[in-house]
Amino acid sequence: MQDAITSVINSSDVQGKYLDAASLEKLKGYFATGELRVRASAAIAANSATIVKEAVAKSLLYSDVTRPGGNMYTTRRYAACIRDLDYYLRYATYAMLAGDASILDERVLNGLKETYNSLGVPVVSTIQAIQAIKEVAASIVGSDAGKELGIYLDYISSGLS
Ligand SMILES: CCC1=C(C)/C(=C/C2=NC(=C\c3[nH]c(/C=C4\NC(=O)[C@H](C)[C@H]4CC)c(C)c3CCC(=O)O)/C(CCC(=O)O)=C2C)NC1=O
């Protein structure tokens, strides 16, 4: 995985150059929001179960996926879905701290679409739940941090669609 710092350093190193003004600007933005990211990740960690539960209530409960024949029906599959959503929240939080999405490609999205397709996990409903996580999390961490986190939840959504 990469982070905002290694990513600009690597690209400068490839060119054998010191960091240029644009790279330094990027780093300045990253450092300026460091405190925000750290505080948000603590709030998310303390509320992760609530965030996922509320997001499920907003997006999936009493829909076709939770009824008999739906992909979330039976406690085993319901639990698998909740677990997946907690993965998305946790990895989006890591990516937000790193200021870089590469961890999502490597550890979450790699092969996921194929797995979902082969198990009949509905991607559209999953994306609705991820979008609900975005809203619920923003209401807990505040809109600035919510926007940062949202970048990475959107990244997972696009990777799935
Ligand atoms: C950290 C990286 C990582 C991810 C992302 C991951 C996802 C993942 N979700 C799975 C299953 C599953 N995922 C879901 C999820 C859902 N079904 C729905 O209807 C909802 C819309 C949705 C929740 C939002 C369900 C129900 C299963 C079980 C499907 C089955 O076995 O029939 C499986 C198949 C194996 C298993 O059941 O554990 C994987 C690999 N595993 C990982 O290690």
# chains A, B, ... in the order shown; residues from 1 in each chain; ligands from 1
>>> closest_atom_pairs(of="chain A", to="ligand 1", cutoff="9 Å", atoms="only C-alpha atoms and all ligand atoms", output="CSV")
residue,atom,partner,partner_atom_place_in_ligand_line,distance
A:Val56,CA,ligand 1,24 (C),7.8
A:Leu60,CA,ligand 1,21 (C),7.0
A:Asp64,CA,ligand 1,19 (O),8.7
A:Val65,CA,ligand 1,19 (O),5.0
A:Thr66,CA,ligand 1,19 (O),7.1
A:Gly70,CA,ligand 1,19 (O),6.4
A:Asn71,CA,ligand 1,19 (O),4.0
A:Met72,CA,ligand 1,19 (O),4.2
A:Tyr73,CA,ligand 1,26 (C),7.6
A:Thr74,CA,ligand 1,26 (C),8.7
A:Arg76,CA,ligand 1,28 (C),7.4
A:Arg77,CA,ligand 1,26 (C),3.9
A:Tyr78,CA,ligand 1,26 (C),5.7
A:Ala79,CA,ligand 1,26 (C),7.3
A:Ala80,CA,ligand 1,25 (C),4.8
A:Cys81,CA,ligand 1,23 (C),3.4
A:Ile82,CA,ligand 1,23 (C),6.0
A:Arg83,CA,ligand 1,9 (N),7.9
A:Asp84,CA,ligand 1,7 (C),5.4
A:Leu85,CA,ligand 1,24 (C),5.7
A:Asp86,CA,ligand 1,1 (C),8.9
A:Tyr87,CA,ligand 1,1 (C),5.3
A:Tyr88,CA,ligand 1,5 (C),6.7
A:Arg90,CA,ligand 1,1 (C),8.9
A:Tyr91,CA,ligand 1,1 (C),7.6
A:Leu104,CA,ligand 1,2 (C),8.8
A:Arg107,CA,ligand 1,2 (C),5.7
A:Val108,CA,ligand 1,2 (C),4.3
A:Leu109,CA,ligand 1,5 (C),6.7
A:Asn110,CA,ligand 1,2 (C),8.4
A:Gly111,CA,ligand 1,40 (C),8.5
A:Leu112,CA,ligand 1,5 (C),6.2
A:Thr115,CA,ligand 1,40 (C),6.2
A:Tyr116,CA,ligand 1,10 (C),6.7
A:Leu119,CA,ligand 1,32 (O),5.4
A:Gly120,CA,ligand 1,32 (O),7.2
A:Val121,CA,ligand 1,17 (N),4.8
A:Pro122,CA,ligand 1,21 (C),5.4
A:Val123,CA,ligand 1,21 (C),6.6
A:Val124,CA,ligand 1,21 (C),7.4
A:Ser125,CA,ligand 1,21 (C),4.5
A:Thr126,CA,ligand 1,21 (C),4.1
A:Ile127,CA,ligand 1,24 (C),7.5
A:Gln128,CA,ligand 1,21 (C),8.1
A:Ala129,CA,ligand 1,24 (C),5.8
A:Ile130,CA,ligand 1,24 (C),7.4
>>> residues_around(residues="Thr50 in chain A", least_positions_apart="6", cutoff="10 Å", atoms="only C-alpha atoms", output="list in words")
Ile44, Val56, Val136 and Ala137 of chain A
>>> write_last_selection(atoms="all heavy atoms", output="PDB file, in the first residue's frame")
ATOM      1  N   ILE A  44     -14.839   6.883  14.360  1.00  0.00           N
ATOM      2  CA  ILE A  44     -15.396   5.765  13.593  1.00  0.00           C
ATOM      3  C   ILE A  44     -15.160   4.450  14.334  1.00  0.00           C
ATOM      4  O   ILE A  44     -16.052   3.615  14.459  1.00  0.00           O
ATOM      5  CB  ILE A  44     -14.786   5.710  12.174  1.00  0.00           C
ATOM      6  CG1 ILE A  44     -15.210   6.943  11.374  1.00  0.00           C
ATOM      7  CG2 ILE A  44     -15.226   4.444  11.442  1.00  0.00           C
ATOM      8  CD1 ILE A  44     -14.368   7.189  10.145  1.00  0.00           C
ATOM      9  N   VAL A  56     -27.549  -0.176   7.606  1.00  0.00           N
ATOM     10  CA  VAL A  56     -28.365  -1.310   7.151  1.00  0.00           C
ATOM     11  C   VAL A  56     -29.848  -0.981   7.324  1.00  0.00           C
ATOM     12  O   VAL A  56     -30.660  -1.243   6.437  1.00  0.00           O
ATOM     13  CB  VAL A  56     -27.979  -2.600   7.920  1.00  0.00           C
ATOM     14  CG1 VAL A  56     -29.000  -3.703   7.698  1.00  0.00           C
ATOM     15  CG2 VAL A  56     -26.595  -3.068   7.480  1.00  0.00           C
ATOM     16  N   VAL A 136     -24.317   8.102   7.403  1.00  0.00           N
ATOM     17  CA  VAL A 136     -24.336   7.915   8.856  1.00  0.00           C
ATOM     18  C   VAL A 136     -22.989   8.313   9.462  1.00  0.00           C
ATOM     19  O   VAL A 136     -22.932   8.989  10.491  1.00  0.00           O
ATOM     20  CB  VAL A 136     -24.695   6.455   9.220  1.00  0.00           C
ATOM     21  CG1 VAL A 136     -24.646   6.254  10.731  1.00  0.00           C
ATOM     22  CG2 VAL A 136     -26.064   6.078   8.678  1.00  0.00           C
ATOM     23  N   ALA A 137     -21.899   7.916   8.802  1.00  0.00           N
ATOM     24  CA  ALA A 137     -20.566   8.242   9.329  1.00  0.00           C
ATOM     25  C   ALA A 137     -20.363   9.756   9.342  1.00  0.00           C
ATOM     26  O   ALA A 137     -19.835  10.308  10.317  1.00  0.00           O
ATOM     27  CB  ALA A 137     -19.475   7.555   8.510  1.00  0.00           C
TER      28      ALA A 137
END
>>> closest_residue(among="A:Glu35, A:Asp3, A:Asp154, A:Glu25", to="Leu89 in chain A", atoms="only C-alpha atoms")
A:Asp154
>>> atom_distance(atom1="CA of Val14 in chain A", atom2="CA of Glu106 in chain A")
21.9 Å
>>> atom_distance(atom1="CA of Leu160 in chain A", atom2="CA of Lys113 in chain A")
5.7 Å
